[in-house]
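Next comes final-v1.txt, with compact mmCIF, C-alpha atoms.
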```
# COMPACT_ATOMS: atom_id res chain seq x y z
CA MET A 1 0.00 0.00 0.00
CA GLU A 2 1.31 3.45 -0.91
CA GLN A 3 2.98 5.60 1.76
CA ASN A 4 0.45 8.43 1.56
CA THR A 5 -2.42 5.97 1.88
CA ILE A 6 -0.97 4.57 5.09
CA ALA A 7 -0.60 8.11 6.43
CA LYS A 8 -4.17 8.99 5.51
CA LYS A 9 -5.90 5.79 6.57
CA GLN A 10 -7.13 7.47 9.75
CA ASP A 11 -8.73 10.19 7.66
CA ASN A 12 -12.35 9.33 6.89
CA LEU A 13 -11.99 11.13 3.55
CA TRP A 14 -8.88 9.23 2.43
CA LEU A 15 -10.53 7.88 -0.73
CA SER A 16 -11.02 11.44 -1.96
CA LEU A 17 -7.23 11.62 -2.41
CA TYR A 18 -7.68 9.36 -5.42
CA GLU A 19 -10.12 11.57 -7.35
CA LYS A 20 -9.18 11.41 -11.03
CA ASN A 21 -11.08 11.76 -14.27
CA VAL A 22 -10.34 9.53 -17.22
CA PHE A 23 -13.86 9.67 -18.61
CA SER A 24 -15.85 10.51 -15.46
CA GLN A 25 -16.93 14.04 -14.51
CA ASN A 26 -15.94 14.58 -10.88
CA GLY A 27 -13.08 12.24 -10.03
CA GLU A 28 -15.10 9.01 -9.88
CA ASP A 29 -12.67 7.04 -12.08
CA GLY A 30 -9.78 7.40 -9.65
CA ILE A 31 -11.81 6.60 -6.55
CA LEU A 32 -13.40 3.56 -8.20
CA GLU A 33 -9.98 2.32 -9.27
CA LYS A 34 -8.83 2.46 -5.65
CA ILE A 35 -12.01 0.84 -4.32
CA PHE A 36 -11.60 -2.15 -6.63
CA GLN A 37 -7.93 -2.43 -5.70
CA VAL A 38 -9.00 -2.73 -2.06
CA LEU A 39 -11.67 -5.28 -3.02
CA ARG A 40 -9.14 -7.12 -5.24
CA VAL A 41 -11.47 -7.03 -8.22
CA GLU A 42 -9.43 -6.87 -11.42
CA LYS A 43 -11.81 -7.72 -14.26
CA GLY A 44 -15.39 -7.43 -13.12
CA LEU A 45 -18.88 -6.75 -14.40
CA CYS A 46 -20.44 -3.28 -14.31
CA VAL A 47 -23.91 -1.93 -15.05
CA GLU A 48 -24.73 1.66 -15.98
CA PHE A 49 -27.91 3.54 -16.94
CA GLY A 50 -28.68 5.98 -18.56
CA ALA A 51 -25.44 5.27 -20.26
CA TRP A 52 -25.81 7.98 -22.95
CA ASN A 53 -23.19 7.02 -25.55
CA GLY A 54 -21.20 4.95 -23.05
CA LYS A 55 -18.30 7.39 -22.95
CA HIS A 56 -19.59 10.88 -22.13
CA LEU A 57 -19.08 11.56 -18.40
CA SER A 58 -19.20 7.83 -17.83
CA ASN A 59 -18.43 6.09 -14.54
CA THR A 60 -17.86 2.77 -16.33
CA TYR A 61 -15.99 3.48 -19.58
CA ASP A 62 -12.57 3.52 -17.92
CA LEU A 63 -13.32 0.09 -16.48
CA ILE A 64 -14.50 -1.20 -19.87
CA GLU A 65 -11.84 0.36 -22.08
CA ASN A 66 -8.74 0.31 -19.91
CA LYS A 67 -9.38 -2.55 -17.49
CA ARG A 68 -11.30 -4.88 -19.83
CA TRP A 69 -14.41 -5.21 -17.70
CA SER A 70 -17.66 -6.72 -18.96
CA ALA A 71 -20.66 -4.39 -18.95
CA ILE A 72 -24.40 -3.99 -19.28
CA LEU A 73 -25.11 -0.48 -20.60
CA ILE A 74 -28.71 0.74 -20.68
CA GLU A 75 -30.01 3.84 -22.45
CA ALA A 76 -33.66 4.79 -23.01
CA ASP A 77 -33.25 7.52 -25.65
CA LYS A 78 -33.22 5.95 -29.13
CA THR A 79 -30.80 8.48 -30.65
CA LYS A 80 -28.33 8.15 -27.79
CA PHE A 81 -28.73 4.39 -27.83
CA LYS A 82 -27.73 4.19 -31.49
CA GLU A 83 -24.52 6.05 -30.66
CA LEU A 84 -24.02 3.77 -27.65
CA ALA A 85 -24.44 0.63 -29.77
CA ASP A 86 -22.09 2.00 -32.45
CA ASN A 87 -19.40 2.78 -29.87
CA PHE A 88 -19.34 -0.81 -28.60
CA CYS A 89 -19.92 -2.61 -31.87
CA GLY A 90 -17.57 -5.57 -31.91
CA ASN A 91 -16.95 -5.62 -28.15
CA ASN A 92 -18.48 -8.92 -27.10
CA LYS A 93 -17.96 -8.07 -23.42
CA VAL A 94 -20.47 -5.21 -23.58
CA THR A 95 -24.23 -5.64 -23.89
CA CYS A 96 -26.16 -2.51 -24.90
CA ILE A 97 -29.87 -2.33 -24.07
CA ASN A 98 -32.40 0.23 -25.28
CA SER A 99 -34.80 0.40 -22.35
CA LEU A 100 -36.31 2.78 -19.81
CA VAL A 101 -35.39 1.77 -16.28
CA GLY A 102 -38.14 2.48 -13.77
CA PHE A 103 -39.18 1.16 -10.39
CA ASP A 104 -42.34 -0.75 -11.28
CA ASN A 105 -42.49 -4.54 -11.56
CA ASP A 106 -42.51 -4.48 -15.37
CA ASN A 107 -39.57 -2.09 -15.92
CA ASN A 108 -37.29 -2.21 -12.89
CA ILE A 109 -33.57 -2.84 -13.21
CA GLU A 110 -33.80 -6.35 -11.80
CA GLN A 111 -36.13 -7.47 -14.60
CA ILE A 112 -33.55 -6.33 -17.13
CA LEU A 113 -30.62 -7.97 -15.32
CA ARG A 114 -32.45 -11.30 -14.96
CA LYS A 115 -32.98 -11.48 -18.72
CA LYS A 116 -29.22 -11.14 -19.20
CA SER A 117 -28.34 -13.73 -16.51
CA VAL A 118 -26.34 -11.20 -14.50
CA PRO A 119 -24.92 -12.67 -11.26
CA ILE A 120 -26.68 -11.56 -8.08
CA ASN A 121 -23.51 -10.12 -6.53
CA PHE A 122 -21.99 -8.50 -9.63
CA ASP A 123 -19.30 -5.91 -9.04
CA PHE A 124 -20.56 -2.39 -9.75
CA ILE A 125 -23.65 -0.39 -10.67
CA SER A 126 -23.79 3.30 -11.55
CA ILE A 127 -27.22 4.91 -11.05
CA ASP A 128 -27.67 8.34 -12.61
CA ILE A 129 -31.09 9.26 -13.99
CA ASP A 130 -31.36 12.85 -12.71
CA GLY A 131 -34.18 12.48 -10.25
CA ASN A 132 -35.59 9.11 -9.26
CA ASP A 133 -32.23 7.49 -8.48
CA TYR A 134 -33.32 6.88 -4.87
CA TYR A 135 -36.33 4.80 -5.95
CA ILE A 136 -34.39 2.82 -8.56
CA TRP A 137 -31.97 1.68 -5.89
CA GLU A 138 -34.81 1.08 -3.43
CA SER A 139 -36.46 -1.20 -5.99
CA MET A 140 -33.40 -3.51 -6.05
CA LYS A 141 -34.33 -6.31 -3.69
CA GLU A 142 -32.55 -9.38 -5.05
CA TYR A 143 -29.37 -8.05 -6.66
CA ARG A 144 -26.50 -6.96 -4.43
CA PRO A 145 -23.67 -5.34 -6.38
CA LYS A 146 -20.47 -4.99 -4.39
CA VAL A 147 -20.22 -1.26 -5.14
CA VAL A 148 -22.94 1.30 -5.89
CA ALA A 149 -22.42 4.80 -7.29
CA ILE A 150 -25.56 6.89 -7.08
CA GLU A 151 -26.23 10.52 -7.84
CA PHE A 152 -27.47 12.84 -5.09
CA ASN A 153 -28.52 16.49 -5.12
CA PRO A 154 -25.41 18.43 -4.00
CA THR A 155 -27.38 21.58 -3.10
CA ILE A 156 -29.09 19.83 -0.17
CA PRO A 157 -27.11 20.05 3.11
CA PRO A 158 -25.73 16.70 4.34
CA ASN A 159 -27.84 16.76 7.52
CA VAL A 160 -31.13 17.11 5.61
CA GLU A 161 -33.24 14.07 4.79
CA TYR A 162 -35.09 14.67 1.52
CA ALA A 163 -36.28 12.19 -1.08
CA GLN A 164 -38.19 13.60 -4.03
CA LYS A 165 -41.65 12.37 -4.99
CA LYS A 166 -41.71 8.85 -6.46
CA ASP A 167 -42.71 9.92 -9.94
CA MET A 168 -40.79 9.42 -13.19
CA SER A 169 -42.07 12.78 -14.45
CA VAL A 170 -40.39 14.60 -11.55
CA SER A 171 -36.68 15.52 -11.63
CA GLN A 172 -35.58 17.03 -8.31
CA GLY A 173 -33.07 14.63 -6.83
CA SER A 174 -32.62 13.40 -3.28
CA SER A 175 -30.23 14.28 -0.50
CA LEU A 176 -27.08 12.42 0.46
CA LYS A 177 -28.63 11.86 3.90
CA SER A 178 -31.58 10.04 2.34
CA MET A 179 -29.25 7.92 0.20
CA TYR A 180 -27.17 7.11 3.29
CA LEU A 181 -30.23 5.96 5.25
CA LEU A 182 -31.51 3.95 2.29
CA GLY A 183 -28.10 2.31 1.99
CA LYS A 184 -28.10 1.44 5.70
CA ASN A 185 -31.52 -0.13 5.32
CA LYS A 186 -30.28 -2.20 2.38
CA GLY A 187 -27.07 -3.31 4.10
CA TYR A 188 -24.68 -0.87 2.41
CA GLU A 189 -22.20 1.61 3.84
CA LEU A 190 -21.17 4.98 2.44
CA ILE A 191 -17.40 5.16 1.84
CA ALA A 192 -16.86 8.25 -0.33
CA THR A 193 -18.51 11.04 -2.25
CA THR A 194 -17.62 13.18 -5.22
CA LEU A 195 -19.37 16.42 -6.11
CA VAL A 196 -22.61 14.63 -7.11
CA ASN A 197 -22.07 10.89 -6.56
CA ALA A 198 -22.20 8.80 -3.42
CA LEU A 199 -20.17 5.58 -3.37
CA PHE A 200 -21.37 2.65 -1.27
CA VAL A 201 -20.07 -0.85 -0.59
CA ASP A 202 -21.86 -3.92 0.66
CA GLU A 203 -21.51 -3.76 4.44
CA LYS A 204 -19.48 -6.97 4.52
CA TYR A 205 -16.61 -5.10 2.82
CA PHE A 206 -16.83 -1.91 4.88
CA ASN A 207 -14.09 -2.79 7.37
CA LEU A 208 -11.58 -3.08 4.52
CA PHE A 209 -11.73 0.71 4.11
CA ASP A 210 -10.93 1.60 7.73
CA ILE A 211 -13.42 4.49 7.84
CA LYS A 212 -14.40 5.33 11.42
CA ASN A 213 -17.13 7.88 10.69
CA ASN A 214 -19.05 7.59 7.43
CA THR A 215 -21.96 9.91 8.16
CA PRO A 216 -22.99 12.32 5.36
CA GLU A 217 -21.90 15.29 7.46
CA VAL A 218 -18.35 13.90 7.37
CA LEU A 219 -18.18 12.28 3.95
CA GLN A 220 -19.81 14.98 1.82
CA SER A 221 -16.38 16.17 0.77
CA HIS A 222 -17.52 18.89 -1.65
CA LYS A 223 -19.82 21.61 -0.37
CA ASP A 224 -19.44 23.99 -3.30
CA TYR A 225 -23.15 24.17 -4.10
CA LEU A 226 -24.72 24.53 -0.66
CA THR A 227 -26.96 27.58 -0.25
CA GLY A 228 -28.09 28.87 3.14
CA ILE A 229 -30.43 31.48 4.57
CA PHE A 230 -30.22 33.36 7.86
CA GLN A 231 -32.61 35.87 9.44
CA LEU A 232 -32.00 39.36 10.76
CA TYR A 233 -33.92 40.76 13.74
CA ASP A 234 -36.13 42.85 11.45
CA GLY A 235 -37.26 39.84 9.38
CA THR A 236 -34.85 40.38 6.49
CA LEU A 237 -33.62 37.12 4.96
CA MET A 238 -30.00 36.87 3.83
CA LEU A 239 -28.37 34.31 1.55
CA TYR A 240 -24.96 32.78 2.00
CA GLY A 241 -23.01 30.16 0.09
CA TYR A 242 -23.81 29.29 -3.51
CA ASP A 243 -26.02 32.06 -4.93
CA LYS A 244 -27.09 30.70 -8.32
CA LEU A 245 -29.62 28.26 -9.77
CA LEU A 246 -27.23 25.41 -10.49
CA TRP A 247 -29.14 23.72 -13.32
CA HIS A 248 -30.75 26.78 -14.92
CA ASN A 249 -27.95 28.69 -16.63
CA LYS A 250 -26.53 29.84 -13.29
CA ILE A 251 -29.26 32.46 -12.81
CA LYS A 252 -28.27 34.51 -9.78
CA ILE A 253 -30.35 34.29 -6.60
CA ARG A 254 -30.52 37.70 -4.93
CA ASP A 255 -31.42 38.57 -1.36
CA LYS A 256 -34.38 40.57 -2.60
CA ASP A 257 -35.76 37.47 -4.39
CA ILE A 258 -36.33 35.55 -1.15
CA GLN A 259 -37.93 38.16 1.12
CA ILE A 260 -41.16 37.18 2.87
CA LEU A 261 -41.90 40.50 4.56
CA PRO A 262 -42.59 43.64 2.49
CA ARG A 263 -39.95 46.28 3.19
CA PHE A 264 -42.50 48.38 5.13
CA PHE A 265 -42.77 45.64 7.79
CA ARG A 266 -39.07 44.84 8.07
CA LYS A 267 -38.59 46.18 11.57
CA PHE A 268 -37.87 44.44 14.85
CA PRO A 269 -41.38 43.91 16.35
CA GLY A 270 -40.52 45.80 19.52
CA PHE A 271 -39.56 48.85 17.45
CA MET A 272 -42.71 49.04 15.32
CA ASN A 273 -44.80 52.17 15.85
CA PRO A 274 -48.56 51.69 16.47
CA THR A 275 -49.49 52.35 12.83
CA THR A 276 -46.97 49.86 11.44
CA SER A 277 -47.95 47.31 14.09
CA PHE A 278 -51.65 47.65 13.17
CA PHE A 279 -51.06 47.14 9.46
CA PHE A 280 -48.65 44.26 10.13
CA LYS A 281 -51.34 42.40 12.12
CA LEU A 282 -53.88 43.08 9.37
CA TRP A 283 -51.45 41.88 6.69
CA ARG A 284 -50.73 38.73 8.70
CA LYS A 285 -54.43 37.92 8.98
CA MET A 286 -54.80 38.27 5.22
CA ILE A 287 -51.83 35.94 4.66
CA LYS A 288 -53.38 33.30 6.93
CA ILE A 289 -56.64 33.50 4.97
CA PHE A 290 -54.81 32.99 1.67
CA GLU A 291 -52.80 30.08 3.14
CA LYS A 292 -56.06 28.25 3.84
CA VAL A 293 -57.36 28.67 0.30
```

As structure tokens:
Amino acid sequence: MEQNTIAKKQDNLWLSLYEKNVFSQNGEDGILEKIFQVLRVEKGLCVEFGAWNGKHLSNTYDLIENKRWSAILIEADKTKFKELADNFCGNNKVTCINSLVGFDNDNNIEQILRKKSVPINFDFISIDIDGNDYYIWESMKEYRPKVVAIEFNPTIPPNVEYAQKKDMSVSQGSSLKSMYLLGKNKGYELIATTLVNALFVDEKYFNLFDIKNNTPEVLQSHKDYLTGIFQLYDGTLMLYGYDKLLWHNKIKIRDKDIQILPRFFRKFPGFMNPTTSFFFKLWRKMIKIFEKV
């Protein structure tokens, strides 16, 4: 084992030292390489969906291309799937499937894997469908991949439990905390995160990684996109942290966009004059009426 790894083994974030992109987006390739070194998996089987063209920002292409892994690559979009199939034409270790992966009995990931005779404890699955990732993993009851990479919403603080509505038409994402608790329930342990992906191992391998504290608060290594709000005595709301809409052309969020109280009422209650206090109470009654409608 490398010298710097020995030195960092007591650091819960030691796997983050291996972040490296070959084809991945946020350092997943390097961390996965290290994870499989620890697990002593040299040539395994990976599953990814939606795989796009199999190369673009892929968490599996480095394994397929450079480490000669076998793969099941699933893409729902017909145009992207054609590109996916073209990219792996002639590679008999890669099976490309044009299918929508959902969480119902007729379209869940396990139905697809059974048809391809995938082993129950295959090596790696990458789940990234921009929204319902939580429910896809939840729907896996029989299959137990050794390692799971799953996308979480990096704008949600690590202490917040939030899972979006179970609806394929909704794309909101879920928090790392919710993924962590789901993993615990399924017998998996969080061992690392990148900017948007959480990496889990089957709990029987967890001790190999010598991580003493794997809570989201500790292992969410990147906090670049966290946005917070605090309150001033007069009711003014102030933003701190990331001040843009991450997925909507980086539109700026301004303090004035989030105010609840009209400027006229932004005074510490004890300092309101009788006139302001009267109108504030009237305004509050009107708000309560509208909240009931």

Expected residue set, 8 Å radius at (-28.0, -5.6, -10.7), all atoms listed in the file, as a PyMOL selection string: chain A and resi 47+109-110+113+118-122+125+140+143-145

If you keep C-alpha atoms, can you produce a file of those selected residues as a compact mmCIF listing (two decimals), in the coordinates of the input?
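As written to disk, part.txt reads:
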```txt
# COMPACT_ATOMS: atom_id res chain seq x y z
CA VAL A 47 -23.91 -1.93 -15.05
CA ILE A 109 -33.57 -2.84 -13.21
CA GLU A 110 -33.80 -6.35 -11.80
CA LEU A 113 -30.62 -7.97 -15.32
CA VAL A 118 -26.34 -11.20 -14.50
CA PRO A 119 -24.92 -12.67 -11.26
CA ILE A 120 -26.68 -11.56 -8.08
CA ASN A 121 -23.51 -10.12 -6.53
CA PHE A 122 -21.99 -8.50 -9.63
CA ILE A 125 -23.65 -0.39 -10.67
CA MET A 140 -33.40 -3.51 -6.05
CA TYR A 143 -29.37 -8.05 -6.66
CA ARG A 144 -26.50 -6.96 -4.43
CA PRO A 145 -23.67 -5.34 -6.38
```

Pairwise distance for atom CA of A:Pro269 and atom CA of A:Asp234, rounded to one decimal in Å: 7.3 Å

Residue nearest A:Leu32 - candidates A:Val201, A:Leu246, A:Cys89, A:Leu73, atoms counted: all atoms listed in the file: A:Val201

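With atom CA of A:Phe152 on one side and atom CA of A:Gly173 on the other, the separation reads 6.1 Å.
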
Test item: residues at most 12 Å from A:Leu84, all atoms listed in the file, excluding those fewer than 3 positions along its chain, as a ChimeraX atom specification: /A:48-56,58,61,72-81,87-89,91,94-98

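Proximity of A:Glu161, A:Asp243, A:Glu28, A:Asp11 to A:Leu57, computed with only C-alpha atoms, is greatest for A:Glu28.
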
Within 12 Å of A:Phe271 using all atoms listed in the file, minus same-chain residues under 6 positions, as a ChimeraX atom specification: /A:233-234,265,277

Nearest-residue call for A:Thr194, choices A:Val101, A:Ala149, A:Ile136, A:Ile211, using all atoms listed in the file: A:Ala149

Go ahead and fit an axis-aligned box to every listed atom of stretch 271-285 of chain A plus 8 Å each side, and pass me the centre and edge lengths in Å, one decimal, as lines of an AutoDock Vina configuration file.
```
center_x = -47.0
center_y = 45.1
center_z = 12.1
size_x = 30.9
size_y = 30.4
size_z = 26.8
```

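Using all atoms listed in the file for every distance, the candidate list A:Lys186, A:Ile127, A:Glu217, A:Leu199 yields A:Glu217 as the residue closest to A:Pro157.
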
For A:Asn59, the nearest of the candidates A:Asn249, A:Asn132, A:Asn197, A:Asn207, counting only C-alpha atoms: A:Asn197

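For the residues A:Trp247, A:Tyr205, A:Phe230, A:Phe264, ranking by smallest atom-to-atom distance to A:Phe280 using all atoms listed in the file places A:Phe264 first.
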
Between atom CA of A:Ser169 and atom CA of A:Ser99, distance in Å (one decimal): 16.4 Å

Radius query 12 Å about (-11.8, -1.4, 5.2), atoms used: all atoms listed in the file, as an MDAnalysis selection string: chainID A and resid 9:10 12 14:15 34:39 189:191 201:212 214
